[in-house]
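Colleague: My structure is below; once you've seen it, I'll send some questions.
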Amino acid sequence: MSRVRGEGVPVTTVGQPVDVLLSDGSTVQLRPIDPADAPDIVAMHSRFSERTRYLRYFSPYPRIPERDLIRFVTVDHHDREAFVVLAADQIVAVGRYERLGPQAPEAEVAFVVEDAYQGRGIGSVLMEHLADAARRNDIMSFVAEVLPANGTMLRVFADFGYQVQREYADGVVHLSFPIAPTEASLEVQRGREHRTEARSIARLLAPRGIVVYGASATGQGVGAAVLGHLRDGGFTGAVVPVHPSAATVAGLPAYPSAVDAGAPVDLAVVAVPPQAAAAVVADAAAAGVHGLVVISAGFAEAGGEGAAAQRALVRAAHAAGMRVVGPNCLGVANTDPTVRLNATLAPALPPAGRVGIFSQSGAFGVALLAEADRRGLGLSSFVSAGNRADVSGNDLLQYWQDDSGTDVIMLYLETFGNPRKFARLARRIGRAKPVVALASPARPPGVGDAAGPDEVAVAALFAQSGVIRVDTVPELLDVGVLLANQPLPAGGRVGVVGNSSALTGLAATACVGQGLSVADGYPRDVGPSAGAAEFAAALAETAADERVDALVVVFAPPLPGQLAAVDADVTAALPAALALGKPTVATFLVGRLPPGVPAYGGVEEAVRALARAHRYAEWLRRPPGVAPELPGLDRAAAQAALRADTTDPGALLAAYGIDVVASVPVDSADAAVEAAARLGFPVALKAAAPGLRHRLDLGAVRLDLPDEPTLRRAYVDLAAAFGADALVQPMVPPGVACVVEVVEDPAFGPVVGFGLGGVATELLGDRAWRAVPLTDRDAAELVDEPRAAPLLRGHRGAAPVDRAALADLLLRVGQLADEQPRVRSLTLNPVLARPDGISVLHAQVGVGGVVARPDTGPRRL
């Protein structure tokens with residue numbers, strides 16, 4: 001039988017305001033309408049142009065009658081819903097739906113946007129949130145009436161990805177369309193999300209001017225430091241210090257407010273105490289600032305009072321249309337020669353280049369920039385998010401995807417704010433640009449009900465999304481330097497060339513340990529007496545070798561006097577090898593390598609970086625897979641099985657085409673016999689405890705009981721050892737025992753695990769994991785990845801099992817986990833796999849209350 005654990009109390013989202021991004025990257029707030037909004041609705045109506053009123057109401061409608069006004073602002077949030085959009089705490093748009101009759105599956109939808117805010121994507125945001133609210137209230141389709149002259153509104157509906165039906169009658173265009181999410185509508189929504197988030201970051205990293213708050217006239221403190229770095233870094237726009245009394249700060253004219261400067265400013269650097277932040281936000285908003293970089297500490301990292309101040313800061317900034325980097329951050333930088341922005345606490349930046357770096361930690365960011373500078377790793381842009389109250393690594397991924405100046409993305413992540421979104425973005429962006437991430441595999445307390453992926457599995461999850469995960473800061477830079485300067489390897493065959501048999505042997509051993517193969521005829525030791533010409537010839541020959549996909553070059557310094565000066569300069573031999581376009585990594589214990597050659601202090605570091613680049617290239621070469629249409633799904637039945645008052649896990653699984661073998665709980669021998677009579681002999685008898693019901697090795701499972709006397713004797717023995725509670729099941733044909741799991745992972749959200757059953761595999765943690773949603777490729781790889789997987793393919797003469805049936809089961813479990821956020825954990829154990837199919841013997845489902853799962857539903861910050 002299926003079991004349910006952890007039933008939670010449902011929560012409602014009605015009344016909760018959300019902040020959203022518009023197409024120009026600015027922020028507004030969206031919330032349900034309230035009767036108290038009546039005066040603001042009248043005020044907004046008064047600001048409409050005559051054309052806007054006519055297009056919305058099909059008449060001049062100069063004022064709103066009291067009766068209409070009451071109806072507009074009074075809704076039941078079920079059959080009638082309305083959302084308002086606020087900019088600077090002023091209502092600028094309203095959208096609503098109204099059900100077409102009691103229990104009707106259709107509703108009429110309409111919205112209107114104030115003239116000054118039209119063309120900025122408010123209509124599409126309202127549509128997303130109205131459709132989401134309607135679906136939650138069992139409304140399946142929208143209808144709308146639009147005047148033919150209202151081309152903008154017609155495009156909003158047409159461009160949404162829904163199948164819109166049009167009819168023209170009585171001078172009006174009648175539209176109708178289902179509002180269930182489709183691949184097309186999700187693609188449209190995510191495309192808008194990408195553009196809005198990328199534009200919001202672009203406004204921060206290429207400002208026309210910058211205003212600095214909190215820079216002291218004495219030159220002391222973090223504000224003065226950032227101001228000095230802006231000035232000395234050659235920022236191409238205006239730099240405006242704001243100071244209450246000083247006429248100049250750091251040699252620059254200072255002003256009591258940003259407006260007084262009279263210069264266009266898009267970015268504000270904030271280094272004032274938390275209690276002064278509200279005044280700064282108001283001043284920056286008055287000057288038209290688009291974003292804040294809050295260097296100041298004392299916010300959420302300082303405790304509850306600071307957390308409240310942080311929430312107030314973000315709320316005020318969003319209300320003014322601004323985004324927030326930080327607080328408690330290092331700052332932002334952009335090395336583009338047309339910008340030259342160093343709004344950070346780092347006194348110097350790495351040279352201009354094509355690597356974008358995101359660091360959650362400010363202290364770590366300083367060290368990372370310094371080390372990148374030391375290694376000559378060229379920087380395109382840099383963002384330190386600090387407390388990450390608003391701008392996150394996901395925002396930067398959106399920006400860097402389209403940034404023509406960035407080829408490689410490097411991330412330092414302490415935690416994940418929206419793990420599902422990170423995985424989704426990484427899968428997409430990794431196809432165009434490599435993403436290298438230093439991220440902890442640790443699972444914070446309270447995440448998931450079951451033990452989740454271990455460190456090896458976390459690395460596999462990152463690899464599934466195309467992310468190159470590293471474990472240390474040096475490794476982050478090792479891989480970054482390689483990707484920024486060298487092409488990706490076409491394969492895993494490595495040609496090792498060096499002048500030391502010990503070093504070339506070490507390199508060959510490291511290649512094998514990292515999953516690379518040493519090409520035939522290698523390693524090649526040219527000997528300690530080889531000069532630059534001989535070394536160059538060996539490298540050129542290796543680079544031209546069709547059996548070689550990448551080069552590892554090692555060089556030990558010659559003994560004093562062993563080579564003439566001209567022969568000792570073997571670094572001159574490298575450009576010839578690079579010219580043939582094969583990736584080359586080098587460990588030279590003497591001399592300075594030419595630009596473009598990744599240099600490493602040790603052979604192991606060089607090979608490890610090359611191996612990571614190789615695995616990423618392999619991921620790129622694999623087709624991404626597709627999410628197939630699964631027959632036999634009944635989402636309405638699934639929703640019915642997840643009622644708020646009780647949950648039927650068996651019905652839930654059946655709704656996704658997952659059948660569980662019948663299992664009858666018993667607490668006496670008579671009950672066991674009665675159950676067996678209904679199910680039919682032979683039967684299996686098992687201890688009821690979830691940890692015992694598959695433990696044949698402990699005697700907690702008795703199989704193939706053919707009749708009543710045998711069953712009674714088995715029950716007496718079982719009850720004496722494990723208690724009176726037991727389970728009776730009909731016998732099914734034997735097979736290879738497997739386990740399927742779903743847990744919540746902090747980096748990827750719901751993940752599906754697969755492994756073979758048994759004490760040994762559980763002890764070794766032999767599980768493969770993939771993040772949902774699963775593709776057909778993900779499911780096939782899950783089946784083949786565990787170390788014990790050969791048992792499924794016919795080990796030692798056994799018949800191979802139906803692996804396609806296992807893959808189908810995994811796809812169904814993945815879809816259930818993806819579509820049902822109340823399901824927090826799921827375990828199918830055991831699943832018996834046979835040549836003719838599978839049998840799921842037991843299922844356990846953990847369910848929680850209704851919560852908004854990140855990266856689902858309409859767009860929001």
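Convention: chains lettered A, B, ... in structure tokens order; per-chain residue numbering from 1; ligands numbered from 1 as shown.
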As a count of residues only, which residues of segment 202-421 of chain A does DSSP assign to strand (DSSP E or B)?
Modeller: 54
Colleague: Neighbouring residues of segment 327-343 of chain A were defined as those with any atom within 6 Å, considering only C-alpha atoms; residues of the same chain fewer than 5 positions away were excluded. Please report them as a list in words.
Modeller: Val226, His229, Leu230, Gly234, Phe235, Thr236, Val294, Ile295, Ser296, Ala297, Ala352, Gly362, Ser380, Ser381, Phe382, Val383, Ser384, Ala385, Gly386 and Asn387 of chain A
Colleague: Quick one: residues within 8 Å of segment 88-104 of chain A, only C-alpha atoms counted, chain neighbours fewer than 2 positions away excluded, as a VMD selection string?
Modeller: chain A and resid 28 40 to 41 44 79 to 86 106 to 114 117 122 126 to 127 130 134 139 319 to 321
Colleague: I'd like to know which residues of segment 6-206 of chain A are helix (DSSP H, G or I) (by DSSP, run on the backbone); could you write them as a ChimeraX atom specification?
Modeller: /A:35-47,50-57,66-73,115-117,122-136,151-158,183-205
Colleague: By how many Å are atom CA of Pro351 of chain A and atom CA of Gly376 of chain A apart?
Modeller: 6.9 Å
Colleague: Neighbours of Val259 of chain A within 8 Å (only C-alpha atoms; same-chain residues fewer than 5 positions away dropped), as a PyMOL selection string?
Modeller: chain A and resi 283+286-287
Colleague: Please produce a file of the residues just selected, as a PDB file, in the first residue's frame, where the atoms kept are all heavy atoms.
Modeller:
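This went into part00.pdb:
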```pdb
ATOM      1  N   ASP A 283      16.050  59.922  -2.410  1.00  0.00           N
ATOM      2  CA  ASP A 283      16.856  60.889  -3.160  1.00  0.00           C
ATOM      3  C   ASP A 283      17.266  60.314  -4.514  1.00  0.00           C
ATOM      4  O   ASP A 283      17.204  61.004  -5.541  1.00  0.00           O
ATOM      5  CB  ASP A 283      18.088  61.269  -2.345  1.00  0.00           C
ATOM      6  CG  ASP A 283      18.879  62.399  -2.982  1.00  0.00           C
ATOM      7  OD1 ASP A 283      18.442  63.564  -2.875  1.00  0.00           O
ATOM      8  OD2 ASP A 283      19.923  62.112  -3.615  1.00  0.00           O
ATOM      9  N   ALA A 286      14.344  60.237  -6.941  1.00  0.00           N
ATOM     10  CA  ALA A 286      14.040  61.567  -7.478  1.00  0.00           C
ATOM     11  C   ALA A 286      14.973  61.934  -8.619  1.00  0.00           C
ATOM     12  O   ALA A 286      14.601  62.700  -9.514  1.00  0.00           O
ATOM     13  CB  ALA A 286      14.123  62.612  -6.360  1.00  0.00           C
ATOM     14  N   ALA A 287      16.191  61.370  -8.601  1.00  0.00           N
ATOM     15  CA  ALA A 287      17.167  61.671  -9.655  1.00  0.00           C
ATOM     16  C   ALA A 287      17.066  60.724 -10.837  1.00  0.00           C
ATOM     17  O   ALA A 287      17.854  60.837 -11.782  1.00  0.00           O
ATOM     18  CB  ALA A 287      18.577  61.619  -9.066  1.00  0.00           C
TER      19      ALA A 287
END
```
Colleague: Leaving out Gly288 of chain A and any residue of its chain fewer than 2 positions from it, which residues lie within 7 Å of it when counting only C-alpha atoms, given as a list in words?
Modeller: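 After dropping sequence-adjacent residues, the list is Val265, Asp266, Ala284, Ala285, Ala286 and His290 of chain A.
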Colleague: Please list as an NGL selection string every residue within 12 Å of segment 429-433 of chain A, counting only C-alpha atoms and excluding residues in the same chain fewer than 4 positions away.
Modeller: :A and (194 or 354-356 or 394 or 396-410 or 421-425 or 437 or 462-468 or 480 or 483-484 or 488 or 616-624)
Colleague: Could you make a table, as a Markdown table, of the residues of segment 704-790 of chain A that have an atom within 9 Å of an atom of segment 799-813 of chain A, each with its nearest atom pair and distance in Å to one decimal, counting only C-alpha atoms, in chain and number order?
Modeller:
```
| residue | atom | partner | partner_atom | distance |
| --- | --- | --- | --- | --- |
| A:Gly735 | CA | A:Val801 | CA | 8.1 |
| A:Val736 | CA | A:Val801 | CA | 7.9 |
| A:Val740 | CA | A:Leu810 | CA | 7.5 |
| A:Glu741 | CA | A:Val813 | CA | 8.5 |
| A:Val742 | CA | A:Val813 | CA | 7.9 |
| A:Val752 | CA | A:Val813 | CA | 7.6 |
| A:Gly753 | CA | A:Leu810 | CA | 8.8 |
| A:Phe754 | CA | A:Leu810 | CA | 8.2 |
| A:Pro773 | CA | A:Leu811 | CA | 8.5 |
| A:Leu774 | CA | A:Leu811 | CA | 6.2 |
| A:Thr775 | CA | A:Leu811 | CA | 7.4 |
| A:Asp776 | CA | A:Leu811 | CA | 7.3 |
| A:Asp778 | CA | A:Leu811 | CA | 8.6 |
| A:Ala779 | CA | A:Ala807 | CA | 5.0 |
| A:Ala780 | CA | A:Ala807 | CA | 5.7 |
| A:Glu781 | CA | A:Ala807 | CA | 8.8 |
| A:Leu782 | CA | A:Ala807 | CA | 7.8 |
| A:Val783 | CA | A:Ala807 | CA | 6.6 |
| A:Asp784 | CA | A:Arg803 | CA | 8.8 |
```
Colleague: Can those selected residues be exported to a file as a CSV table (one decimal), in the first residue's frame so that it contains all heavy atoms?
Modeller:
```
chain,number,residue,atom,x,y,z
A,735,GLY,N,12.3,-10.5,-9.7
A,735,GLY,CA,13.1,-9.6,-10.6
A,735,GLY,C,14.2,-9.0,-9.8
A,735,GLY,O,14.4,-9.3,-8.7
A,736,VAL,N,14.9,-8.1,-10.5
A,736,VAL,CA,16.0,-7.3,-9.9
A,736,VAL,C,15.4,-6.2,-9.1
A,736,VAL,O,14.6,-5.4,-9.6
A,736,VAL,CB,17.0,-6.8,-10.9
A,736,VAL,CG1,18.1,-6.0,-10.2
A,736,VAL,CG2,17.5,-7.9,-11.7
A,740,VAL,N,13.4,3.8,-6.5
A,740,VAL,CA,13.2,5.1,-7.1
A,740,VAL,C,12.8,6.1,-6.0
A,740,VAL,O,12.0,5.8,-5.2
A,740,VAL,CB,12.1,5.0,-8.2
A,740,VAL,CG1,11.8,6.4,-8.8
A,740,VAL,CG2,12.4,4.1,-9.3
A,741,GLU,N,13.5,7.3,-6.0
A,741,GLU,CA,13.2,8.3,-5.0
A,741,GLU,C,13.0,9.6,-5.6
A,741,GLU,O,13.5,9.9,-6.7
A,741,GLU,CB,14.4,8.3,-4.0
A,741,GLU,CG,14.7,7.1,-3.3
A,741,GLU,CD,15.9,7.3,-2.4
A,741,GLU,OE1,15.8,7.8,-1.3
A,741,GLU,OE2,17.0,6.9,-2.8
A,742,VAL,N,12.3,10.5,-4.8
A,742,VAL,CA,12.3,11.9,-5.1
A,742,VAL,C,12.6,12.6,-3.8
A,742,VAL,O,12.0,12.4,-2.8
A,742,VAL,CB,10.9,12.4,-5.6
A,742,VAL,CG1,10.8,13.9,-5.8
A,742,VAL,CG2,10.6,11.7,-7.0
A,752,VAL,N,15.2,13.3,-8.9
A,752,VAL,CA,14.8,11.9,-9.0
A,752,VAL,C,16.1,11.0,-8.9
A,752,VAL,O,17.0,11.2,-9.6
A,752,VAL,CB,14.1,11.6,-10.3
A,752,VAL,CG1,13.7,10.1,-10.4
A,752,VAL,CG2,12.8,12.4,-10.4
A,753,GLY,N,16.0,10.1,-7.9
A,753,GLY,CA,17.1,9.1,-7.8
A,753,GLY,C,16.7,7.7,-8.2
A,753,GLY,O,15.6,7.3,-8.0
A,754,PHE,N,17.7,7.0,-8.7
A,754,PHE,CA,17.5,5.6,-9.1
A,754,PHE,C,18.7,4.8,-8.7
A,754,PHE,O,19.9,5.2,-8.8
A,754,PHE,CB,17.3,5.5,-10.6
A,754,PHE,CG,17.2,4.0,-11.0
A,754,PHE,CD1,16.0,3.3,-10.9
A,754,PHE,CD2,18.3,3.4,-11.6
A,754,PHE,CE1,15.9,2.0,-11.3
A,754,PHE,CE2,18.2,2.1,-12.0
A,754,PHE,CZ,17.0,1.4,-11.9
A,773,PRO,N,12.5,18.9,-14.7
A,773,PRO,CA,11.8,17.9,-15.4
A,773,PRO,C,12.8,17.0,-16.2
A,773,PRO,O,13.8,17.4,-16.6
A,773,PRO,CB,10.9,18.7,-16.4
A,773,PRO,CG,11.7,19.9,-16.6
A,773,PRO,CD,12.3,20.3,-15.3
A,774,LEU,N,12.4,15.7,-16.2
A,774,LEU,CA,13.3,14.7,-16.9
A,774,LEU,C,13.0,14.6,-18.4
A,774,LEU,O,11.9,14.7,-18.8
A,774,LEU,CB,13.1,13.3,-16.3
A,774,LEU,CG,13.4,13.1,-14.8
A,774,LEU,CD1,13.2,11.6,-14.5
A,774,LEU,CD2,14.8,13.5,-14.5
A,775,THR,N,14.1,14.5,-19.2
A,775,THR,CA,14.0,14.2,-20.6
A,775,THR,C,14.1,12.7,-20.8
A,775,THR,O,14.5,11.9,-19.8
A,775,THR,CB,15.0,14.9,-21.4
A,775,THR,OG1,16.3,14.4,-21.0
A,775,THR,CG2,15.0,16.4,-21.1
A,776,ASP,N,13.8,12.2,-22.0
A,776,ASP,CA,14.0,10.8,-22.2
A,776,ASP,C,15.5,10.4,-22.1
A,776,ASP,O,15.8,9.3,-21.6
A,776,ASP,CB,13.5,10.4,-23.7
A,776,ASP,CG,14.1,11.3,-24.7
A,776,ASP,OD1,14.9,12.3,-24.4
A,776,ASP,OD2,13.8,11.1,-25.9
A,778,ASP,N,17.6,11.8,-19.9
A,778,ASP,CA,17.8,11.8,-18.4
A,778,ASP,C,17.4,10.4,-17.9
A,778,ASP,O,18.1,9.8,-17.1
A,778,ASP,CB,17.1,12.9,-17.7
A,778,ASP,CG,17.6,14.3,-18.1
A,778,ASP,OD1,18.8,14.4,-18.4
A,778,ASP,OD2,16.8,15.2,-18.1
A,779,ALA,N,16.2,10.0,-18.3
A,779,ALA,CA,15.7,8.7,-17.7
A,779,ALA,C,16.6,7.5,-18.1
A,779,ALA,O,16.9,6.6,-17.3
A,779,ALA,CB,14.3,8.5,-18.2
A,780,ALA,N,17.0,7.5,-19.4
A,780,ALA,CA,17.9,6.4,-19.8
A,780,ALA,C,19.2,6.4,-19.1
A,780,ALA,O,19.7,5.4,-18.7
A,780,ALA,CB,18.1,6.5,-21.3
A,781,GLU,N,19.8,7.6,-18.9
A,781,GLU,CA,21.0,7.7,-18.1
A,781,GLU,C,20.9,7.3,-16.7
A,781,GLU,O,21.8,6.7,-16.1
A,781,GLU,CB,21.6,9.1,-18.3
A,781,GLU,CG,22.1,9.5,-19.7
A,781,GLU,CD,22.5,10.9,-19.8
A,781,GLU,OE1,22.3,11.7,-18.8
A,781,GLU,OE2,23.2,11.3,-20.8
A,782,LEU,N,19.7,7.6,-16.1
A,782,LEU,CA,19.5,7.2,-14.7
A,782,LEU,C,19.5,5.7,-14.6
A,782,LEU,O,20.1,5.2,-13.6
A,782,LEU,CB,18.1,7.7,-14.2
A,782,LEU,CG,18.0,9.1,-13.7
A,782,LEU,CD1,16.6,9.5,-13.4
A,782,LEU,CD2,18.8,9.2,-12.4
A,783,VAL,N,18.9,5.0,-15.5
A,783,VAL,CA,18.9,3.5,-15.5
A,783,VAL,C,20.3,2.9,-15.6
A,783,VAL,O,20.7,2.0,-15.0
A,783,VAL,CB,18.0,3.0,-16.5
A,783,VAL,CG1,18.1,1.4,-16.6
A,783,VAL,CG2,16.5,3.4,-16.2
A,784,ASP,N,21.2,3.6,-16.4
A,784,ASP,CA,22.5,3.0,-16.8
A,784,ASP,C,23.6,3.5,-15.9
A,784,ASP,O,24.7,2.9,-15.9
A,784,ASP,CB,22.8,3.3,-18.2
A,784,ASP,CG,22.0,2.6,-19.2
A,784,ASP,OD1,21.4,1.5,-18.8
A,784,ASP,OD2,21.8,3.0,-20.4
```
Colleague: Using only C-alpha atoms, which residues sit within 12 Å of Arg374 of chain A once same-chain residues fewer than 2 positions away are excluded, as an NGL selection string?
Modeller: :A and (348-351 or 367-372 or 376-378 or 474 or 477 or 481 or 599)
